[in-house]
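*Asks:* Input file: data.txt. Contents: compact mmCIF, N, CA and C atoms.
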```txt
# COMPACT_ATOMS: atom_id res chain seq x y z
N MET X 1003 -13.23 5.06 14.81
CA MET X 1003 -12.11 4.33 14.25
C MET X 1003 -10.97 5.32 13.99
N ASP X 1004 -9.78 4.92 14.37
CA ASP X 1004 -8.58 5.71 14.14
C ASP X 1004 -7.87 5.18 12.91
N ILE X 1005 -7.43 6.09 12.05
CA ILE X 1005 -6.82 5.72 10.78
C ILE X 1005 -5.48 6.43 10.63
N ILE X 1006 -4.44 5.65 10.34
CA ILE X 1006 -3.16 6.26 9.99
C ILE X 1006 -3.08 6.27 8.46
N PHE X 1007 -2.26 7.14 7.92
CA PHE X 1007 -2.13 7.18 6.47
C PHE X 1007 -0.69 7.39 6.05
N LEU X 1008 -0.38 6.88 4.87
CA LEU X 1008 0.89 7.10 4.20
C LEU X 1008 0.50 7.57 2.80
N HIS X 1009 0.83 8.79 2.47
CA HIS X 1009 0.46 9.35 1.17
C HIS X 1009 1.71 9.63 0.34
N GLU X 1010 1.56 9.42 -0.95
CA GLU X 1010 2.60 9.70 -1.94
C GLU X 1010 3.91 8.96 -1.67
N PHE X 1011 3.77 7.72 -1.19
CA PHE X 1011 4.93 6.84 -1.03
C PHE X 1011 5.27 6.30 -2.42
N LYS X 1012 6.46 6.62 -2.89
CA LYS X 1012 6.87 6.22 -4.24
C LYS X 1012 7.97 5.18 -4.17
N ALA X 1013 7.89 4.23 -5.10
CA ALA X 1013 8.88 3.17 -5.18
C ALA X 1013 9.02 2.73 -6.63
N LYS X 1014 10.16 2.15 -6.95
CA LYS X 1014 10.38 1.62 -8.30
C LYS X 1014 10.20 0.11 -8.24
N THR X 1015 9.56 -0.42 -9.29
CA THR X 1015 9.36 -1.86 -9.36
C THR X 1015 9.09 -2.27 -10.80
N LEU X 1016 9.25 -3.55 -11.06
CA LEU X 1016 8.86 -4.12 -12.34
C LEU X 1016 7.40 -4.52 -12.23
N ILE X 1017 6.56 -3.93 -13.05
CA ILE X 1017 5.13 -4.25 -13.02
C ILE X 1017 4.55 -4.02 -14.41
N GLY X 1018 3.73 -4.94 -14.83
CA GLY X 1018 3.06 -4.74 -16.10
C GLY X 1018 2.96 -5.99 -16.94
N ILE X 1019 2.23 -5.86 -18.03
CA ILE X 1019 1.98 -6.99 -18.92
C ILE X 1019 2.84 -6.97 -20.17
N TYR X 1020 3.40 -5.82 -20.50
CA TYR X 1020 4.20 -5.71 -21.72
C TYR X 1020 5.63 -6.16 -21.46
N PRO X 1021 6.30 -6.74 -22.46
CA PRO X 1021 7.67 -7.22 -22.24
C PRO X 1021 8.61 -6.16 -21.68
N TRP X 1022 8.53 -4.92 -22.17
CA TRP X 1022 9.43 -3.88 -21.67
C TRP X 1022 9.19 -3.59 -20.20
N GLU X 1023 7.95 -3.82 -19.72
CA GLU X 1023 7.64 -3.57 -18.31
C GLU X 1023 8.27 -4.61 -17.39
N ARG X 1024 8.68 -5.72 -17.95
CA ARG X 1024 9.35 -6.75 -17.16
C ARG X 1024 10.86 -6.50 -17.07
N GLU X 1025 11.33 -5.48 -17.81
CA GLU X 1025 12.75 -5.17 -17.84
C GLU X 1025 13.08 -3.78 -17.31
N VAL X 1026 12.14 -2.85 -17.38
CA VAL X 1026 12.38 -1.46 -16.98
C VAL X 1026 11.54 -1.15 -15.75
N ALA X 1027 12.22 -0.83 -14.65
CA ALA X 1027 11.49 -0.48 -13.42
C ALA X 1027 10.71 0.81 -13.62
N GLN X 1028 9.50 0.82 -13.10
CA GLN X 1028 8.63 1.99 -13.18
C GLN X 1028 8.41 2.55 -11.77
N THR X 1029 8.19 3.84 -11.71
CA THR X 1029 7.84 4.46 -10.43
C THR X 1029 6.34 4.31 -10.23
N ILE X 1030 5.98 3.77 -9.09
CA ILE X 1030 4.58 3.68 -8.71
C ILE X 1030 4.39 4.45 -7.41
N GLN X 1031 3.17 4.88 -7.20
CA GLN X 1031 2.85 5.65 -5.99
C GLN X 1031 1.77 4.92 -5.20
N PHE X 1032 2.01 4.83 -3.90
CA PHE X 1032 1.04 4.24 -2.98
C PHE X 1032 0.44 5.33 -2.11
N ASP X 1033 -0.83 5.21 -1.86
CA ASP X 1033 -1.52 5.98 -0.83
C ASP X 1033 -2.28 4.97 0.00
N LEU X 1034 -1.99 4.95 1.28
CA LEU X 1034 -2.60 3.97 2.18
C LEU X 1034 -3.35 4.66 3.31
N GLU X 1035 -4.49 4.12 3.65
CA GLU X 1035 -5.20 4.47 4.87
C GLU X 1035 -5.42 3.17 5.61
N ILE X 1036 -5.03 3.14 6.87
CA ILE X 1036 -5.04 1.90 7.64
C ILE X 1036 -5.74 2.14 8.97
N ALA X 1037 -6.81 1.40 9.20
CA ALA X 1037 -7.50 1.49 10.49
C ALA X 1037 -6.65 0.81 11.55
N LEU X 1038 -6.51 1.48 12.67
CA LEU X 1038 -5.74 0.91 13.77
C LEU X 1038 -6.53 -0.20 14.45
N PRO X 1039 -5.85 -1.27 14.87
CA PRO X 1039 -6.55 -2.34 15.57
C PRO X 1039 -7.21 -1.86 16.86
N THR X 1040 -6.59 -0.88 17.51
CA THR X 1040 -7.15 -0.29 18.73
C THR X 1040 -6.79 1.19 18.75
N SER X 1041 -7.45 1.95 19.61
CA SER X 1041 -7.10 3.36 19.78
C SER X 1041 -6.17 3.55 20.98
N ARG X 1042 -5.60 2.48 21.44
CA ARG X 1042 -4.76 2.50 22.64
C ARG X 1042 -3.59 3.49 22.54
N ALA X 1043 -2.95 3.59 21.39
CA ALA X 1043 -1.80 4.49 21.24
C ALA X 1043 -2.20 5.94 21.51
N CYS X 1044 -3.42 6.30 21.15
CA CYS X 1044 -3.89 7.67 21.41
C CYS X 1044 -3.99 7.95 22.91
N GLN X 1045 -4.25 6.92 23.66
CA GLN X 1045 -4.43 7.09 25.11
C GLN X 1045 -3.12 6.95 25.88
N THR X 1046 -2.24 6.05 25.41
CA THR X 1046 -1.04 5.76 26.19
C THR X 1046 0.19 6.55 25.74
N ASP X 1047 0.18 7.04 24.49
CA ASP X 1047 1.35 7.70 23.91
C ASP X 1047 2.56 6.77 23.92
N ASN X 1048 2.29 5.46 23.77
CA ASN X 1048 3.33 4.44 23.82
C ASN X 1048 3.49 3.84 22.43
N PHE X 1049 4.72 3.85 21.91
CA PHE X 1049 5.01 3.33 20.59
C PHE X 1049 4.58 1.87 20.42
N GLU X 1050 4.68 1.10 21.46
CA GLU X 1050 4.32 -0.32 21.39
C GLU X 1050 2.82 -0.54 21.16
N ASP X 1051 2.02 0.49 21.36
CA ASP X 1051 0.58 0.40 21.12
C ASP X 1051 0.19 0.92 19.73
N ALA X 1052 1.17 1.31 18.94
CA ALA X 1052 0.93 1.92 17.63
C ALA X 1052 1.37 0.98 16.50
N LEU X 1053 0.92 1.29 15.29
CA LEU X 1053 1.47 0.62 14.11
C LEU X 1053 2.73 1.37 13.70
N ASP X 1054 3.74 0.62 13.33
CA ASP X 1054 5.02 1.20 12.95
C ASP X 1054 5.00 1.53 11.45
N TYR X 1055 4.91 2.82 11.12
CA TYR X 1055 4.87 3.26 9.72
C TYR X 1055 6.08 2.73 8.94
N ALA X 1056 7.24 2.82 9.55
CA ALA X 1056 8.48 2.40 8.88
C ALA X 1056 8.45 0.91 8.55
N LEU X 1057 7.88 0.12 9.43
CA LEU X 1057 7.78 -1.32 9.20
C LEU X 1057 6.82 -1.62 8.05
N ILE X 1058 5.77 -0.85 7.94
CA ILE X 1058 4.83 -1.01 6.82
C ILE X 1058 5.53 -0.71 5.50
N VAL X 1059 6.27 0.40 5.45
CA VAL X 1059 7.01 0.77 4.24
C VAL X 1059 8.04 -0.30 3.90
N LYS X 1060 8.75 -0.78 4.90
CA LYS X 1060 9.75 -1.83 4.69
C LYS X 1060 9.11 -3.08 4.10
N ARG X 1061 7.96 -3.45 4.62
CA ARG X 1061 7.27 -4.66 4.16
C ARG X 1061 6.81 -4.50 2.70
N ILE X 1062 6.33 -3.33 2.34
CA ILE X 1062 5.94 -3.08 0.95
C ILE X 1062 7.16 -3.15 0.04
N ASN X 1063 8.26 -2.54 0.45
CA ASN X 1063 9.48 -2.59 -0.35
C ASN X 1063 9.98 -4.02 -0.53
N GLU X 1064 9.89 -4.83 0.51
CA GLU X 1064 10.27 -6.24 0.40
C GLU X 1064 9.40 -6.96 -0.63
N THR X 1065 8.12 -6.70 -0.59
CA THR X 1065 7.20 -7.31 -1.55
C THR X 1065 7.55 -6.92 -2.97
N LEU X 1066 7.84 -5.64 -3.19
CA LEU X 1066 8.18 -5.17 -4.53
C LEU X 1066 9.47 -5.81 -5.04
N ALA X 1067 10.40 -6.08 -4.14
CA ALA X 1067 11.67 -6.68 -4.52
C ALA X 1067 11.54 -8.18 -4.81
N GLN X 1068 10.58 -8.84 -4.17
CA GLN X 1068 10.48 -10.30 -4.26
C GLN X 1068 9.49 -10.82 -5.29
N LYS X 1069 8.49 -10.02 -5.64
CA LYS X 1069 7.39 -10.54 -6.44
C LYS X 1069 7.09 -9.63 -7.61
N HIS X 1070 6.83 -10.21 -8.78
CA HIS X 1070 6.43 -9.43 -9.95
C HIS X 1070 4.91 -9.51 -10.09
N PHE X 1071 4.32 -8.37 -10.34
CA PHE X 1071 2.88 -8.30 -10.57
C PHE X 1071 2.64 -7.83 -11.99
N SER X 1072 1.66 -8.41 -12.63
CA SER X 1072 1.27 -7.95 -13.96
C SER X 1072 0.32 -6.77 -13.86
N LEU X 1073 -0.57 -6.81 -12.87
CA LEU X 1073 -1.61 -5.79 -12.75
C LEU X 1073 -1.51 -5.02 -11.44
N LEU X 1074 -1.82 -3.73 -11.50
CA LEU X 1074 -1.91 -2.91 -10.28
C LEU X 1074 -2.96 -3.48 -9.33
N GLU X 1075 -4.02 -4.04 -9.89
CA GLU X 1075 -5.09 -4.61 -9.08
C GLU X 1075 -4.55 -5.73 -8.17
N ALA X 1076 -3.72 -6.60 -8.74
CA ALA X 1076 -3.15 -7.70 -7.97
C ALA X 1076 -2.17 -7.18 -6.91
N LEU X 1077 -1.38 -6.18 -7.25
CA LEU X 1077 -0.46 -5.58 -6.28
C LEU X 1077 -1.24 -4.95 -5.14
N ALA X 1078 -2.28 -4.20 -5.44
CA ALA X 1078 -3.08 -3.56 -4.40
C ALA X 1078 -3.69 -4.60 -3.47
N GLU X 1079 -4.22 -5.66 -4.04
CA GLU X 1079 -4.81 -6.73 -3.22
C GLU X 1079 -3.78 -7.38 -2.32
N HIS X 1080 -2.59 -7.65 -2.87
CA HIS X 1080 -1.52 -8.27 -2.08
C HIS X 1080 -1.13 -7.37 -0.89
N ILE X 1081 -0.97 -6.09 -1.14
CA ILE X 1081 -0.62 -5.15 -0.07
C ILE X 1081 -1.74 -5.07 0.96
N ALA X 1082 -2.97 -5.03 0.50
CA ALA X 1082 -4.11 -4.98 1.43
C ALA X 1082 -4.11 -6.21 2.35
N GLN X 1083 -3.85 -7.37 1.80
CA GLN X 1083 -3.85 -8.59 2.62
C GLN X 1083 -2.70 -8.61 3.62
N ILE X 1084 -1.55 -8.07 3.24
CA ILE X 1084 -0.43 -7.95 4.19
C ILE X 1084 -0.84 -7.07 5.36
N ILE X 1085 -1.45 -5.92 5.06
CA ILE X 1085 -1.84 -4.98 6.12
C ILE X 1085 -2.87 -5.62 7.05
N LEU X 1086 -3.84 -6.31 6.47
CA LEU X 1086 -4.90 -6.93 7.27
C LEU X 1086 -4.38 -8.08 8.12
N THR X 1087 -3.53 -8.92 7.55
CA THR X 1087 -3.09 -10.11 8.27
C THR X 1087 -1.86 -9.87 9.16
N GLU X 1088 -0.82 -9.28 8.60
CA GLU X 1088 0.41 -9.11 9.37
C GLU X 1088 0.34 -7.97 10.38
N PHE X 1089 -0.41 -6.91 10.04
CA PHE X 1089 -0.48 -5.76 10.93
C PHE X 1089 -1.80 -5.69 11.69
N LYS X 1090 -2.66 -6.68 11.47
CA LYS X 1090 -3.92 -6.84 12.22
C LYS X 1090 -4.86 -5.64 12.09
N ALA X 1091 -4.79 -4.94 10.98
CA ALA X 1091 -5.70 -3.81 10.77
C ALA X 1091 -7.08 -4.36 10.41
N PRO X 1092 -8.15 -3.76 10.95
CA PRO X 1092 -9.49 -4.24 10.62
C PRO X 1092 -9.98 -3.76 9.25
N TRP X 1093 -9.35 -2.69 8.72
CA TRP X 1093 -9.76 -2.11 7.44
C TRP X 1093 -8.57 -1.40 6.83
N VAL X 1094 -8.50 -1.46 5.50
CA VAL X 1094 -7.43 -0.76 4.79
C VAL X 1094 -7.94 -0.26 3.44
N LYS X 1095 -7.44 0.88 3.04
CA LYS X 1095 -7.69 1.43 1.71
C LYS X 1095 -6.33 1.57 1.04
N VAL X 1096 -6.16 0.94 -0.11
CA VAL X 1096 -4.88 0.94 -0.82
C VAL X 1096 -5.10 1.52 -2.21
N SER X 1097 -4.36 2.57 -2.51
CA SER X 1097 -4.35 3.14 -3.85
C SER X 1097 -2.96 2.94 -4.42
N VAL X 1098 -2.89 2.43 -5.66
CA VAL X 1098 -1.62 2.20 -6.34
C VAL X 1098 -1.74 2.83 -7.72
N ALA X 1099 -0.75 3.64 -8.09
CA ALA X 1099 -0.81 4.33 -9.38
C ALA X 1099 0.53 4.27 -10.09
N LYS X 1100 0.45 4.15 -11.41
CA LYS X 1100 1.62 4.33 -12.26
C LYS X 1100 1.65 5.81 -12.63
N LEU X 1101 2.83 6.36 -12.71
CA LEU X 1101 2.98 7.79 -12.98
C LEU X 1101 3.41 8.03 -14.42
N GLY X 1102 2.73 8.94 -15.08
CA GLY X 1102 3.12 9.38 -16.42
C GLY X 1102 3.13 8.30 -17.48
N MET X 1103 2.25 7.34 -17.41
CA MET X 1103 2.24 6.24 -18.37
C MET X 1103 1.56 6.59 -19.68
N ILE X 1104 0.59 7.49 -19.62
CA ILE X 1104 -0.15 7.87 -20.82
C ILE X 1104 -0.03 9.38 -20.97
N ARG X 1105 0.27 9.82 -22.17
CA ARG X 1105 0.43 11.25 -22.42
C ARG X 1105 -0.82 12.00 -21.95
N GLY X 1106 -0.60 13.04 -21.16
CA GLY X 1106 -1.69 13.86 -20.67
C GLY X 1106 -2.34 13.34 -19.39
N VAL X 1107 -1.88 12.19 -18.90
CA VAL X 1107 -2.43 11.62 -17.67
C VAL X 1107 -1.31 11.58 -16.63
N LYS X 1108 -1.48 12.31 -15.54
CA LYS X 1108 -0.44 12.39 -14.51
C LYS X 1108 -0.22 11.03 -13.83
N LYS X 1109 -1.32 10.37 -13.46
CA LYS X 1109 -1.21 9.05 -12.87
C LYS X 1109 -2.49 8.27 -13.15
N LEU X 1110 -2.33 6.95 -13.19
CA LEU X 1110 -3.47 6.07 -13.38
C LEU X 1110 -3.31 4.90 -12.43
N GLY X 1111 -4.42 4.38 -11.96
CA GLY X 1111 -4.29 3.31 -10.99
C GLY X 1111 -5.58 2.74 -10.50
N ILE X 1112 -5.50 2.17 -9.32
CA ILE X 1112 -6.61 1.46 -8.68
C ILE X 1112 -6.67 1.84 -7.21
N CYS X 1113 -7.86 1.85 -6.67
CA CYS X 1113 -8.07 2.07 -5.25
C CYS X 1113 -9.00 0.98 -4.75
N ILE X 1114 -8.58 0.24 -3.73
CA ILE X 1114 -9.42 -0.81 -3.17
C ILE X 1114 -9.56 -0.61 -1.66
N GLU X 1115 -10.64 -1.10 -1.12
CA GLU X 1115 -10.86 -1.13 0.32
C GLU X 1115 -11.15 -2.57 0.70
N ARG X 1116 -10.53 -3.00 1.81
CA ARG X 1116 -10.74 -4.35 2.31
C ARG X 1116 -10.95 -4.29 3.81
N GLY X 1117 -11.68 -5.24 4.32
CA GLY X 1117 -11.95 -5.31 5.75
C GLY X 1117 -13.23 -4.57 6.09
N SER X 1118 -13.40 -4.28 7.37
CA SER X 1118 -14.61 -3.64 7.86
C SER X 1118 -14.31 -2.30 8.52
N ARG X 1119 -15.08 -1.28 8.14
CA ARG X 1119 -14.90 0.05 8.74
C ARG X 1119 -15.67 0.18 10.03
N SER X 1120 -16.50 -0.77 10.37
CA SER X 1120 -17.26 -0.67 11.63
C SER X 1120 -16.32 -0.87 12.80
N GLY X 1121 -16.57 -0.13 13.85
CA GLY X 1121 -15.73 -0.34 15.03
C GLY X 1121 -15.17 0.87 15.55
```
Show me this structure written as structure tokens.

*Replies:*
Amino acid sequence: MDIIFLHEFKAKTLIGIYPWEREVAQTIQFDLEIALPTSRACQTDNFEDALDYALIVKRINETLAQKHFSLLEALAEHIAQIILTEFKAPWVKVSVAKLGMIRGVKKLGICIERGSRSG
């Protein structure tokens, strides 16, 4: 299985359960690992056979602009489902973290895996 990754992708969004979190954008960090639907791009060196990293980032940014999430868990699940359905990935690992939310903790978050790694 071939896996592309996007690490330390940071974006600002409104997320959280507290009233102030609905008003003050927070920086969150994504780390994604995405199984390619095929290994064809490795063989052809053709962009049309690859997943477009920029399109994935654009789609995540659109989601952050359009939808409010209370929990990182729900955001991670939503992103995972976009990757699986819209980008046809057979497997995805999504990590989402809030940065500097608790004194002494650099980041806190969730990591989920969806789909099948077989193949």

*Asks:* For Glu1088 of chain X, which residue out of X:Cys1113, X:Ile1062, X:Leu1101, X:Leu1073 is the nearest one, using only C-alpha atoms?

*Replies:*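 Using only C-alpha atoms, the shortest distance to Glu1088 of chain X belongs to X:Ile1062.
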
*Asks:* Take atom CA of Glu1025 of chain X and atom CA of Ser1072 of chain X and report the distance between them in Å, one decimal.

*Replies:* 12.4 Å

*Asks:* Write out as number ranges by chain which residues come within 6.5 Å of Gln1031 of chain X when counting only N, CA and C atoms, dropping same-chain ones fewer than 3 positions away.

*Replies:* X: 1010-1013, 1097-1101

*Asks:* When DSSP works through the backbone of this structure, what residues of chain X end up as strand (DSSP E or B), shown as an NGL selection string?

*Replies:* :X and (1005-1015 or 1017 or 1028-1037 or 1071 or 1093-1104 or 1107-1117)

*Asks:* Any chance you could export the current selection's N, CA and C atoms as a compact mmCIF listing (two decimals), in the frame of the given file?

*Replies:*
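Output (result19.txt):
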```
# COMPACT_ATOMS: atom_id res chain seq x y z
N ILE X 1005 -7.43 6.09 12.05
CA ILE X 1005 -6.82 5.72 10.78
C ILE X 1005 -5.48 6.43 10.63
N ILE X 1006 -4.44 5.65 10.34
CA ILE X 1006 -3.16 6.26 9.99
C ILE X 1006 -3.08 6.27 8.46
N PHE X 1007 -2.26 7.14 7.92
CA PHE X 1007 -2.13 7.18 6.47
C PHE X 1007 -0.69 7.39 6.05
N LEU X 1008 -0.38 6.88 4.87
CA LEU X 1008 0.89 7.10 4.20
C LEU X 1008 0.50 7.57 2.80
N HIS X 1009 0.83 8.79 2.47
CA HIS X 1009 0.46 9.35 1.17
C HIS X 1009 1.71 9.63 0.34
N GLU X 1010 1.56 9.42 -0.95
CA GLU X 1010 2.60 9.70 -1.94
C GLU X 1010 3.91 8.96 -1.67
N PHE X 1011 3.77 7.72 -1.19
CA PHE X 1011 4.93 6.84 -1.03
C PHE X 1011 5.27 6.30 -2.42
N LYS X 1012 6.46 6.62 -2.89
CA LYS X 1012 6.87 6.22 -4.24
C LYS X 1012 7.97 5.18 -4.17
N ALA X 1013 7.89 4.23 -5.10
CA ALA X 1013 8.88 3.17 -5.18
C ALA X 1013 9.02 2.73 -6.63
N LYS X 1014 10.16 2.15 -6.95
CA LYS X 1014 10.38 1.62 -8.30
C LYS X 1014 10.20 0.11 -8.24
N THR X 1015 9.56 -0.42 -9.29
CA THR X 1015 9.36 -1.86 -9.36
C THR X 1015 9.09 -2.27 -10.80
N ILE X 1017 6.56 -3.93 -13.05
CA ILE X 1017 5.13 -4.25 -13.02
C ILE X 1017 4.55 -4.02 -14.41
N GLN X 1028 9.50 0.82 -13.10
CA GLN X 1028 8.63 1.99 -13.18
C GLN X 1028 8.41 2.55 -11.77
N THR X 1029 8.19 3.84 -11.71
CA THR X 1029 7.84 4.46 -10.43
C THR X 1029 6.34 4.31 -10.23
N ILE X 1030 5.98 3.77 -9.09
CA ILE X 1030 4.58 3.68 -8.71
C ILE X 1030 4.39 4.45 -7.41
N GLN X 1031 3.17 4.88 -7.20
CA GLN X 1031 2.85 5.65 -5.99
C GLN X 1031 1.77 4.92 -5.20
N PHE X 1032 2.01 4.83 -3.90
CA PHE X 1032 1.04 4.24 -2.98
C PHE X 1032 0.44 5.33 -2.11
N ASP X 1033 -0.83 5.21 -1.86
CA ASP X 1033 -1.52 5.98 -0.83
C ASP X 1033 -2.28 4.97 0.00
N LEU X 1034 -1.99 4.95 1.28
CA LEU X 1034 -2.60 3.97 2.18
C LEU X 1034 -3.35 4.66 3.31
N GLU X 1035 -4.49 4.12 3.65
CA GLU X 1035 -5.20 4.47 4.87
C GLU X 1035 -5.42 3.17 5.61
N ILE X 1036 -5.03 3.14 6.87
CA ILE X 1036 -5.04 1.90 7.64
C ILE X 1036 -5.74 2.14 8.97
N ALA X 1037 -6.81 1.40 9.20
CA ALA X 1037 -7.50 1.49 10.49
C ALA X 1037 -6.65 0.81 11.55
N PHE X 1071 4.32 -8.37 -10.34
CA PHE X 1071 2.88 -8.30 -10.57
C PHE X 1071 2.64 -7.83 -11.99
N TRP X 1093 -9.35 -2.69 8.72
CA TRP X 1093 -9.76 -2.11 7.44
C TRP X 1093 -8.57 -1.40 6.83
N VAL X 1094 -8.50 -1.46 5.50
CA VAL X 1094 -7.43 -0.76 4.79
C VAL X 1094 -7.94 -0.26 3.44
N LYS X 1095 -7.44 0.88 3.04
CA LYS X 1095 -7.69 1.43 1.71
C LYS X 1095 -6.33 1.57 1.04
N VAL X 1096 -6.16 0.94 -0.11
CA VAL X 1096 -4.88 0.94 -0.82
C VAL X 1096 -5.10 1.52 -2.21
N SER X 1097 -4.36 2.57 -2.51
CA SER X 1097 -4.35 3.14 -3.85
C SER X 1097 -2.96 2.94 -4.42
N VAL X 1098 -2.89 2.43 -5.66
CA VAL X 1098 -1.62 2.20 -6.34
C VAL X 1098 -1.74 2.83 -7.72
N ALA X 1099 -0.75 3.64 -8.09
CA ALA X 1099 -0.81 4.33 -9.38
C ALA X 1099 0.53 4.27 -10.09
N LYS X 1100 0.45 4.15 -11.41
CA LYS X 1100 1.62 4.33 -12.26
C LYS X 1100 1.65 5.81 -12.63
N LEU X 1101 2.83 6.36 -12.71
CA LEU X 1101 2.98 7.79 -12.98
C LEU X 1101 3.41 8.03 -14.42
N GLY X 1102 2.73 8.94 -15.08
CA GLY X 1102 3.12 9.38 -16.42
C GLY X 1102 3.13 8.30 -17.48
N MET X 1103 2.25 7.34 -17.41
CA MET X 1103 2.24 6.24 -18.37
C MET X 1103 1.56 6.59 -19.68
N ILE X 1104 0.59 7.49 -19.62
CA ILE X 1104 -0.15 7.87 -20.82
C ILE X 1104 -0.03 9.38 -20.97
N VAL X 1107 -1.88 12.19 -18.90
CA VAL X 1107 -2.43 11.62 -17.67
C VAL X 1107 -1.31 11.58 -16.63
N LYS X 1108 -1.48 12.31 -15.54
CA LYS X 1108 -0.44 12.39 -14.51
C LYS X 1108 -0.22 11.03 -13.83
N LYS X 1109 -1.32 10.37 -13.46
CA LYS X 1109 -1.21 9.05 -12.87
C LYS X 1109 -2.49 8.27 -13.15
N LEU X 1110 -2.33 6.95 -13.19
CA LEU X 1110 -3.47 6.07 -13.38
C LEU X 1110 -3.31 4.90 -12.43
N GLY X 1111 -4.42 4.38 -11.96
CA GLY X 1111 -4.29 3.31 -10.99
C GLY X 1111 -5.58 2.74 -10.50
N ILE X 1112 -5.50 2.17 -9.32
CA ILE X 1112 -6.61 1.46 -8.68
C ILE X 1112 -6.67 1.84 -7.21
N CYS X 1113 -7.86 1.85 -6.67
CA CYS X 1113 -8.07 2.07 -5.25
C CYS X 1113 -9.00 0.98 -4.75
N ILE X 1114 -8.58 0.24 -3.73
CA ILE X 1114 -9.42 -0.81 -3.17
C ILE X 1114 -9.56 -0.61 -1.66
N GLU X 1115 -10.64 -1.10 -1.12
CA GLU X 1115 -10.86 -1.13 0.32
C GLU X 1115 -11.15 -2.57 0.70
N ARG X 1116 -10.53 -3.00 1.81
CA ARG X 1116 -10.74 -4.35 2.31
C ARG X 1116 -10.95 -4.29 3.81
N GLY X 1117 -11.68 -5.24 4.32
CA GLY X 1117 -11.95 -5.31 5.75
C GLY X 1117 -13.23 -4.57 6.09
```

*Asks:* Do you have the atom C of Arg1024 of chain X-atom N of Ile1058 of chain X distance handy?

*Replies:* 26.1 Å
